[in-house]
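Source file final27.cif; content: mmCIF, N, CA and C atoms and all ligand atoms.
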```cif
data_data
#
loop_
_atom_site.label_atom_id
_atom_site.label_comp_id
_atom_site.auth_asym_id
_atom_site.auth_seq_id
_atom_site.Cartn_x
_atom_site.Cartn_y
_atom_site.Cartn_z
N MET A 221 112.42 134.70 18.95
CA MET A 221 111.69 135.69 19.74
C MET A 221 110.21 135.60 19.41
N ASP A 222 109.38 135.54 20.43
CA ASP A 222 107.94 135.46 20.24
C ASP A 222 107.41 136.85 19.97
N GLU A 223 106.86 137.06 18.76
CA GLU A 223 106.43 138.40 18.34
C GLU A 223 104.98 138.71 18.74
N ARG A 224 104.27 137.74 19.29
CA ARG A 224 102.85 137.98 19.60
C ARG A 224 102.72 138.95 20.77
N PRO A 225 101.56 139.64 20.84
CA PRO A 225 101.36 140.60 21.94
C PRO A 225 101.47 139.91 23.31
N MET A 226 101.92 140.68 24.30
CA MET A 226 102.13 140.13 25.64
C MET A 226 100.85 139.54 26.22
N ASP A 227 99.67 140.19 25.97
CA ASP A 227 98.44 139.64 26.58
C ASP A 227 98.09 138.27 26.03
N VAL A 228 98.42 138.02 24.75
CA VAL A 228 98.17 136.70 24.17
C VAL A 228 99.09 135.67 24.82
N ARG A 229 100.33 136.05 24.97
CA ARG A 229 101.29 135.10 25.59
C ARG A 229 100.93 134.80 27.04
N LEU A 230 100.51 135.82 27.77
CA LEU A 230 100.13 135.60 29.17
C LEU A 230 98.91 134.70 29.28
N ALA A 231 97.93 134.90 28.37
CA ALA A 231 96.72 134.06 28.39
C ALA A 231 97.11 132.60 28.15
N GLU A 232 98.05 132.37 27.25
CA GLU A 232 98.50 131.00 26.99
C GLU A 232 99.17 130.40 28.21
N MET A 233 99.95 131.20 28.90
CA MET A 233 100.64 130.69 30.09
C MET A 233 99.63 130.28 31.16
N ARG A 234 98.55 131.07 31.28
CA ARG A 234 97.54 130.73 32.29
C ARG A 234 96.83 129.44 31.92
N ASP A 235 96.75 129.15 30.62
CA ASP A 235 96.08 127.93 30.18
C ASP A 235 96.99 126.71 30.26
N ASP A 236 98.25 126.93 30.47
CA ASP A 236 99.18 125.81 30.52
C ASP A 236 99.07 125.11 31.87
N PRO A 237 98.62 123.84 31.87
CA PRO A 237 98.42 123.18 33.17
C PRO A 237 99.71 123.09 33.99
N ALA A 238 100.86 123.07 33.33
CA ALA A 238 102.12 122.95 34.07
C ALA A 238 102.36 124.16 34.96
N ILE A 239 101.86 125.34 34.53
CA ILE A 239 102.08 126.54 35.32
C ILE A 239 101.37 126.42 36.68
N ASP A 240 100.17 125.86 36.66
CA ASP A 240 99.39 125.74 37.89
C ASP A 240 100.02 124.80 38.90
N LEU A 241 100.85 123.91 38.43
CA LEU A 241 101.36 122.85 39.29
C LEU A 241 102.54 123.29 40.12
N VAL A 242 103.19 124.36 39.72
CA VAL A 242 104.42 124.72 40.39
C VAL A 242 104.11 125.58 41.60
N LEU A 243 104.39 125.05 42.75
CA LEU A 243 104.19 125.76 44.01
C LEU A 243 105.56 125.87 44.67
N ASP A 244 105.61 126.52 45.82
CA ASP A 244 106.89 126.49 46.51
C ASP A 244 106.83 125.50 47.67
N GLY A 245 107.97 125.29 48.27
CA GLY A 245 108.10 124.24 49.28
C GLY A 245 107.21 124.43 50.49
N SER A 246 106.76 125.67 50.72
CA SER A 246 105.90 125.88 51.88
C SER A 246 104.55 125.19 51.69
N ALA A 247 104.19 124.89 50.41
CA ALA A 247 102.93 124.22 50.13
C ALA A 247 102.90 122.80 50.70
N VAL A 248 104.08 122.22 50.89
CA VAL A 248 104.14 120.86 51.43
C VAL A 248 104.89 120.86 52.76
N GLY A 249 104.84 122.00 53.45
CA GLY A 249 105.54 122.11 54.73
C GLY A 249 105.12 121.04 55.73
N GLY A 250 103.82 120.74 55.76
CA GLY A 250 103.32 119.73 56.69
C GLY A 250 103.86 118.35 56.37
N MET A 251 103.90 118.04 55.07
CA MET A 251 104.42 116.74 54.62
C MET A 251 105.91 116.62 54.95
N LEU A 252 106.66 117.70 54.69
CA LEU A 252 108.09 117.68 54.99
C LEU A 252 108.31 117.57 56.50
N GLY A 253 107.44 118.24 57.27
CA GLY A 253 107.56 118.17 58.72
C GLY A 253 107.37 116.76 59.24
N ALA A 254 106.45 116.01 58.58
CA ALA A 254 106.21 114.63 58.99
C ALA A 254 107.43 113.75 58.68
N ILE A 255 108.13 114.06 57.60
CA ILE A 255 109.31 113.26 57.21
C ILE A 255 110.49 113.58 58.13
N PHE A 256 110.74 114.87 58.33
CA PHE A 256 111.96 115.27 59.04
C PHE A 256 111.73 115.49 60.53
N GLY A 257 110.47 115.44 60.96
CA GLY A 257 110.19 115.58 62.38
C GLY A 257 110.27 117.00 62.89
N SER A 258 110.30 117.95 61.96
CA SER A 258 110.46 119.34 62.33
C SER A 258 110.05 120.18 61.13
N ASP A 259 109.62 121.41 61.34
CA ASP A 259 109.29 122.28 60.21
C ASP A 259 110.59 122.68 59.53
N VAL A 260 110.79 122.22 58.30
CA VAL A 260 112.05 122.48 57.61
C VAL A 260 111.92 123.54 56.51
N THR A 261 110.76 124.19 56.39
CA THR A 261 110.60 125.13 55.28
C THR A 261 111.58 126.29 55.36
N GLY A 262 112.02 126.65 56.56
CA GLY A 262 113.01 127.72 56.71
C GLY A 262 114.43 127.20 56.86
N MET A 263 114.63 125.91 56.63
CA MET A 263 115.94 125.29 56.81
C MET A 263 116.62 125.08 55.45
N PRO A 264 117.95 125.18 55.44
CA PRO A 264 118.66 125.01 54.16
C PRO A 264 118.84 123.54 53.78
N GLY A 265 118.72 123.29 52.48
CA GLY A 265 118.98 121.97 51.94
C GLY A 265 119.85 122.11 50.70
N GLU A 266 120.72 121.13 50.48
CA GLU A 266 121.63 121.20 49.33
C GLU A 266 121.21 120.23 48.24
N CYS A 267 121.09 120.75 47.03
CA CYS A 267 120.81 119.93 45.85
C CYS A 267 122.02 119.04 45.59
N ALA A 268 121.80 117.73 45.46
CA ALA A 268 122.90 116.81 45.22
C ALA A 268 123.47 116.96 43.81
N SER A 269 122.70 117.57 42.92
CA SER A 269 123.14 117.70 41.54
C SER A 269 124.04 118.92 41.32
N CYS A 270 123.55 120.11 41.72
CA CYS A 270 124.32 121.33 41.43
C CYS A 270 124.93 121.95 42.69
N HIS A 271 124.63 121.37 43.85
CA HIS A 271 125.19 121.79 45.14
C HIS A 271 124.74 123.18 45.59
N THR A 272 123.69 123.70 44.97
CA THR A 272 123.11 124.96 45.44
C THR A 272 122.38 124.69 46.76
N VAL A 273 122.59 125.55 47.72
CA VAL A 273 121.89 125.46 49.00
C VAL A 273 120.71 126.43 48.95
N SER A 274 119.51 125.92 49.16
CA SER A 274 118.29 126.72 49.14
C SER A 274 117.47 126.39 50.37
N LEU A 275 116.68 127.36 50.82
CA LEU A 275 115.74 127.05 51.88
C LEU A 275 114.71 126.07 51.34
N MET A 276 114.37 125.08 52.15
CA MET A 276 113.43 124.04 51.68
C MET A 276 112.12 124.65 51.20
N GLY A 277 111.70 125.74 51.85
CA GLY A 277 110.45 126.38 51.48
C GLY A 277 110.49 127.12 50.16
N THR A 278 111.69 127.26 49.57
CA THR A 278 111.79 127.94 48.28
C THR A 278 111.95 126.94 47.13
N MET A 279 111.98 125.66 47.45
CA MET A 279 112.10 124.68 46.37
C MET A 279 110.78 124.55 45.64
N ARG A 280 110.85 124.09 44.40
CA ARG A 280 109.64 124.01 43.56
C ARG A 280 108.93 122.69 43.79
N VAL A 281 107.64 122.79 43.96
CA VAL A 281 106.83 121.61 44.25
C VAL A 281 105.88 121.33 43.09
N TYR A 282 105.85 120.10 42.65
CA TYR A 282 104.94 119.67 41.58
C TYR A 282 104.02 118.62 42.19
N LEU A 283 102.72 118.96 42.27
CA LEU A 283 101.79 118.09 43.00
C LEU A 283 101.03 117.12 42.10
N ARG A 284 100.87 117.46 40.83
CA ARG A 284 100.12 116.54 39.98
C ARG A 284 101.03 115.38 39.61
N GLY A 285 100.44 114.27 39.22
CA GLY A 285 101.26 113.12 38.91
C GLY A 285 101.16 112.10 40.01
N PRO A 286 101.92 111.03 39.91
CA PRO A 286 101.74 109.91 40.84
C PRO A 286 102.21 110.23 42.25
N GLY A 287 102.91 111.29 42.44
CA GLY A 287 103.36 111.62 43.78
C GLY A 287 103.73 113.09 43.82
N THR A 288 104.37 113.48 44.89
CA THR A 288 104.83 114.85 45.02
C THR A 288 106.30 114.90 44.65
N VAL A 289 106.66 115.82 43.79
CA VAL A 289 108.05 115.98 43.36
C VAL A 289 108.52 117.37 43.76
N ILE A 290 109.67 117.43 44.40
CA ILE A 290 110.25 118.71 44.80
C ILE A 290 111.56 118.87 44.03
N ARG A 291 111.66 120.01 43.34
CA ARG A 291 112.82 120.25 42.49
C ARG A 291 113.65 121.42 42.98
N CYS A 292 114.92 121.37 42.66
CA CYS A 292 115.86 122.45 42.97
C CYS A 292 115.47 123.72 42.20
N PRO A 293 115.38 124.87 42.87
CA PRO A 293 115.03 126.10 42.15
C PRO A 293 116.14 126.58 41.22
N ALA A 294 117.37 126.10 41.40
CA ALA A 294 118.49 126.55 40.57
C ALA A 294 118.62 125.72 39.31
N CYS A 295 118.58 124.38 39.43
CA CYS A 295 118.85 123.53 38.26
C CYS A 295 117.67 122.66 37.86
N SER A 296 116.59 122.70 38.62
CA SER A 296 115.36 121.94 38.33
C SER A 296 115.50 120.43 38.46
N GLN A 297 116.62 119.95 38.99
CA GLN A 297 116.72 118.51 39.23
C GLN A 297 115.83 118.12 40.41
N VAL A 298 115.39 116.87 40.43
CA VAL A 298 114.54 116.39 41.52
C VAL A 298 115.39 116.25 42.78
N VAL A 299 114.95 116.86 43.86
CA VAL A 299 115.66 116.68 45.13
C VAL A 299 114.91 115.71 46.05
N LEU A 300 113.62 115.64 45.91
CA LEU A 300 112.82 114.80 46.81
C LEU A 300 111.59 114.29 46.06
N ARG A 301 111.25 113.05 46.27
CA ARG A 301 110.02 112.47 45.71
C ARG A 301 109.27 111.79 46.84
N ILE A 302 107.99 112.04 46.91
CA ILE A 302 107.17 111.44 47.97
C ILE A 302 105.97 110.79 47.30
N ALA A 303 105.75 109.51 47.56
CA ALA A 303 104.59 108.82 47.00
C ALA A 303 103.90 108.04 48.11
N GLU A 304 102.59 108.14 48.13
CA GLU A 304 101.80 107.36 49.08
C GLU A 304 101.40 106.06 48.41
N THR A 305 101.67 104.93 49.06
CA THR A 305 101.28 103.63 48.54
C THR A 305 100.41 102.94 49.59
N PRO A 306 99.72 101.87 49.21
CA PRO A 306 98.89 101.17 50.20
C PRO A 306 99.70 100.70 51.41
N ARG A 307 100.98 100.43 51.21
CA ARG A 307 101.80 99.91 52.32
C ARG A 307 102.49 101.00 53.11
N GLY A 308 102.51 102.21 52.58
CA GLY A 308 103.17 103.27 53.33
C GLY A 308 103.65 104.38 52.42
N SER A 309 104.41 105.29 52.99
CA SER A 309 104.94 106.42 52.23
C SER A 309 106.32 106.06 51.70
N MET A 310 106.52 106.30 50.39
CA MET A 310 107.84 106.08 49.79
C MET A 310 108.50 107.44 49.64
N ILE A 311 109.69 107.59 50.19
CA ILE A 311 110.37 108.87 50.16
C ILE A 311 111.74 108.68 49.52
N ASP A 312 111.92 109.29 48.37
CA ASP A 312 113.16 109.17 47.61
C ASP A 312 113.99 110.42 47.87
N LEU A 313 115.11 110.24 48.55
CA LEU A 313 115.95 111.36 48.99
C LEU A 313 117.26 111.45 48.21
N ARG A 314 117.36 110.71 47.10
CA ARG A 314 118.65 110.66 46.38
C ARG A 314 119.12 112.02 45.90
N GLY A 315 118.17 112.92 45.60
CA GLY A 315 118.55 114.19 45.00
C GLY A 315 118.96 115.26 45.99
N ILE A 316 118.92 114.96 47.27
CA ILE A 316 119.25 116.00 48.25
C ILE A 316 120.49 115.58 49.04
N ALA A 317 121.49 116.45 49.05
CA ALA A 317 122.73 116.12 49.74
C ALA A 317 122.56 116.23 51.25
N PHE A 318 121.89 117.28 51.69
CA PHE A 318 121.59 117.41 53.13
C PHE A 318 120.45 118.37 53.35
N VAL A 319 119.83 118.23 54.52
CA VAL A 319 118.93 119.24 55.07
C VAL A 319 119.49 119.56 56.44
N ARG A 320 119.73 120.84 56.71
CA ARG A 320 120.23 121.20 58.04
C ARG A 320 119.04 121.64 58.89
N ILE A 321 118.75 120.86 59.91
CA ILE A 321 117.65 121.19 60.83
C ILE A 321 118.27 121.97 61.98
N GLU A 322 118.10 123.28 61.90
CA GLU A 322 118.80 124.16 62.83
C GLU A 322 118.08 124.22 64.16
N HIS A 323 118.84 124.36 65.21
CA HIS A 323 118.28 124.47 66.55
C HIS A 323 117.70 125.87 66.73
N PRO A 324 116.60 125.95 67.47
CA PRO A 324 116.05 127.29 67.73
C PRO A 324 117.06 128.14 68.48
N SER A 325 117.17 129.41 68.11
CA SER A 325 118.18 130.25 68.78
C SER A 325 117.58 130.99 69.96
ZN ZN B 401 120.28 121.94 41.80
#
```
Transcribe the structure of this file into structure tokens.
Amino acid sequence: MDERPMDVRLAEMRDDPAIDLVLDGSAVGGMLGAIFGSDVTGMPGECASCHTVSLMGTMRVYLRGPGTVIRCPACSQVVLRIAETPRGSMIDLRGIAFVRIEHPS
């Protein structure tokens, strides 16, 4: 148990660069739209690792690093990796079992 005062712990968290990097899936809605051909932030996707179904817009996005990494909010496994290279966009979809692109009602 961390015995230090809460304000000290919160200040440390704000200084942690990893905290700044975690966004939600809506931060990359445009990028996902370009991949799937439709706005998928409100669409469900299944993590291939733990089989939790989450809205794409609620998945965790990590922008720093060599590419964009999107992780499952339940188990933190990578569901999607996107990297821009001189020859094109590399999209690693191994971590996602499905994305359901629902028809407008
Ligand atoms: Zn998962």
*Up to 7 Å from (115.7, 122.8, 43.6) in the file's coordinates: name the residues, counting only N, CA and C atoms, as a PyMOL selection string.*
chain A and resi 267+278-280+290-299
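With atom CA of Glu304 of chain A on one side and atom CA of Gly287 of chain A on the other, the separation reads 7.0 Å.
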*Could you check how far atom CA of Gly315 of chain A sits from atom N of Arg301 of chain A, in Å to one decimal?*
7.5 Å
*Rank nothing, just name the residue among A:Ser325, A:Arg224, A:Val319, A:Leu243 nearest to Met263 of chain A, using only N, CA and C atoms.*
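Using only N, CA and C atoms, the shortest distance to Met263 of chain A belongs to A:Val319.
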*Using all atoms listed in the file, give me every residue within 6 Å of (116.1, 121.0, 50.6) in file coordinates, as a PyMOL selection string.*
chain A and resi 264-266+274-276+318-319
*Distance atom C of Ile321 of chain A-atom N of Thr305 of chain A, one decimal place?*
27.1 Å
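Of the residues under consideration (A:Leu300, A:Val242, A:Ile311, A:Gly277), A:Gly277 shows the shortest atom-to-atom contact distance to Gly262 of chain A when counting only N, CA and C atoms.
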*Using DSSP on the backbone coordinates, identify all residues within segment 228-324 of chain A classified as helix (DSSP H, G or I); present the result as a VMD selection string.*
chain A and resid 228 to 235 237 to 241 245 to 256 276 to 278
Kindly save the residues from that selection, with N, CA and C atoms included, as a short mmCIF file (atom, residue, chain, number, x, y, z; two decimals), keeping the file's coordinate frame.
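New file again28.cif:
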```cif
data_model
loop_
_atom_site.label_atom_id
_atom_site.label_comp_id
_atom_site.auth_asym_id
_atom_site.auth_seq_id
_atom_site.Cartn_x
_atom_site.Cartn_y
_atom_site.Cartn_z
N VAL A 228 98.42 138.02 24.75
CA VAL A 228 98.17 136.70 24.17
C VAL A 228 99.09 135.67 24.82
N ARG A 229 100.33 136.05 24.97
CA ARG A 229 101.29 135.10 25.59
C ARG A 229 100.93 134.80 27.04
N LEU A 230 100.51 135.82 27.77
CA LEU A 230 100.13 135.60 29.17
C LEU A 230 98.91 134.70 29.28
N ALA A 231 97.93 134.90 28.37
CA ALA A 231 96.72 134.06 28.39
C ALA A 231 97.11 132.60 28.15
N GLU A 232 98.05 132.37 27.25
CA GLU A 232 98.50 131.00 26.99
C GLU A 232 99.17 130.40 28.21
N MET A 233 99.95 131.20 28.90
CA MET A 233 100.64 130.69 30.09
C MET A 233 99.63 130.28 31.16
N ARG A 234 98.55 131.07 31.28
CA ARG A 234 97.54 130.73 32.29
C ARG A 234 96.83 129.44 31.92
N ASP A 235 96.75 129.15 30.62
CA ASP A 235 96.08 127.93 30.18
C ASP A 235 96.99 126.71 30.26
N PRO A 237 98.62 123.84 31.87
CA PRO A 237 98.42 123.18 33.17
C PRO A 237 99.71 123.09 33.99
N ALA A 238 100.86 123.07 33.33
CA ALA A 238 102.12 122.95 34.07
C ALA A 238 102.36 124.16 34.96
N ILE A 239 101.86 125.34 34.53
CA ILE A 239 102.08 126.54 35.32
C ILE A 239 101.37 126.42 36.68
N ASP A 240 100.17 125.86 36.66
CA ASP A 240 99.39 125.74 37.89
C ASP A 240 100.02 124.80 38.90
N LEU A 241 100.85 123.91 38.43
CA LEU A 241 101.36 122.85 39.29
C LEU A 241 102.54 123.29 40.12
N GLY A 245 107.97 125.29 48.27
CA GLY A 245 108.10 124.24 49.28
C GLY A 245 107.21 124.43 50.49
N SER A 246 106.76 125.67 50.72
CA SER A 246 105.90 125.88 51.88
C SER A 246 104.55 125.19 51.69
N ALA A 247 104.19 124.89 50.41
CA ALA A 247 102.93 124.22 50.13
C ALA A 247 102.90 122.80 50.70
N VAL A 248 104.08 122.22 50.89
CA VAL A 248 104.14 120.86 51.43
C VAL A 248 104.89 120.86 52.76
N GLY A 249 104.84 122.00 53.45
CA GLY A 249 105.54 122.11 54.73
C GLY A 249 105.12 121.04 55.73
N GLY A 250 103.82 120.74 55.76
CA GLY A 250 103.32 119.73 56.69
C GLY A 250 103.86 118.35 56.37
N MET A 251 103.90 118.04 55.07
CA MET A 251 104.42 116.74 54.62
C MET A 251 105.91 116.62 54.95
N LEU A 252 106.66 117.70 54.69
CA LEU A 252 108.09 117.68 54.99
C LEU A 252 108.31 117.57 56.50
N GLY A 253 107.44 118.24 57.27
CA GLY A 253 107.56 118.17 58.72
C GLY A 253 107.37 116.76 59.24
N ALA A 254 106.45 116.01 58.58
CA ALA A 254 106.21 114.63 58.99
C ALA A 254 107.43 113.75 58.68
N ILE A 255 108.13 114.06 57.60
CA ILE A 255 109.31 113.26 57.21
C ILE A 255 110.49 113.58 58.13
N PHE A 256 110.74 114.87 58.33
CA PHE A 256 111.96 115.27 59.04
C PHE A 256 111.73 115.49 60.53
N MET A 276 114.37 125.08 52.15
CA MET A 276 113.43 124.04 51.68
C MET A 276 112.12 124.65 51.20
N GLY A 277 111.70 125.74 51.85
CA GLY A 277 110.45 126.38 51.48
C GLY A 277 110.49 127.12 50.16
N THR A 278 111.69 127.26 49.57
CA THR A 278 111.79 127.94 48.28
C THR A 278 111.95 126.94 47.13
#
```
*asked:* With distances taken over only C-alpha atoms and all ligand atoms, which residue among A:Ile302, A:Met310, A:Val281, A:Ala268 lies nearest ligand ZN 401 (chain B)?
replied: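 Residue with the minimum atom-to-atom distance to ligand ZN 401 (chain B): A:Ala268.
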*Leaving out Tyr282 of chain A and any residue of its chain fewer than 2 positions from it, which residues lie within 6 Å of it when counting only C-alpha atoms, given as an MDAnalysis selection string?*
chainID A and resid 241:242 284 288:289
Saved selection, atoms kept: N, CA and C atoms, as a short mmCIF file (atom, residue, chain, number, x, y, z; two decimals), keeping the file's coordinate frame:
```
data_model
loop_
_atom_site.label_atom_id
_atom_site.label_comp_id
_atom_site.auth_asym_id
_atom_site.auth_seq_id
_atom_site.Cartn_x
_atom_site.Cartn_y
_atom_site.Cartn_z
N LEU A 241 100.85 123.91 38.43
CA LEU A 241 101.36 122.85 39.29
C LEU A 241 102.54 123.29 40.12
N VAL A 242 103.19 124.36 39.72
CA VAL A 242 104.42 124.72 40.39
C VAL A 242 104.11 125.58 41.60
N ARG A 284 100.87 117.46 40.83
CA ARG A 284 100.12 116.54 39.98
C ARG A 284 101.03 115.38 39.61
N THR A 288 104.37 113.48 44.89
CA THR A 288 104.83 114.85 45.02
C THR A 288 106.30 114.90 44.65
N VAL A 289 106.66 115.82 43.79
CA VAL A 289 108.05 115.98 43.36
C VAL A 289 108.52 117.37 43.76
#
```
*Please identify which residues in segment 233-311 of chain A DSSP calls strand (DSSP E) from the backbone, and express them as a list in words.*
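Answer for segment 233-311 of chain A restricted to strand (DSSP E) is Val242, Leu243, Asp244, Pro264, Gly265, Glu266, Cys267, Val273, Ser274, Leu275, Arg280, Val281, Tyr282, Thr288, Val289, Ile290, Arg291, Val298, Val299, Leu300, Arg301, Ile302, Ala303, Glu304, Thr305, Gly308, Ser309, Met310 and Ile311 of chain A.
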*Of the candidates A:Thr272, A:Leu313, A:Gly245, A:Ile255, which one gets nearest to ligand ZN 401 (chain B) if we count only N, CA and C atoms and all ligand atoms?*
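Closest candidate: A:Thr272.
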*asked:* Given all atoms listed in the file as the basis, pick out the residue of A:Ala303, A:Arg320, A:Ser309, A:Cys270 nearest to ligand ZN 401 (chain B).
replied: A:Cys270
_Which residue is closest to ligand ZN 401 (chain B)? Choose from A:Phe256, A:Pro225, A:Ala247, A:Ser269 and count all atoms listed in the file._
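Closest to ligand ZN 401 (chain B) of all the choices is A:Ser269.
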*With a distance cut-off of 8 Å and all atoms listed in the file, select the neighbouring residues of Gly250 of chain A, excluding the residue or stretch itself and same-chain residues fewer than 6 positions from it, and output the selection as number ranges by chain.*
A: 256, 259-261
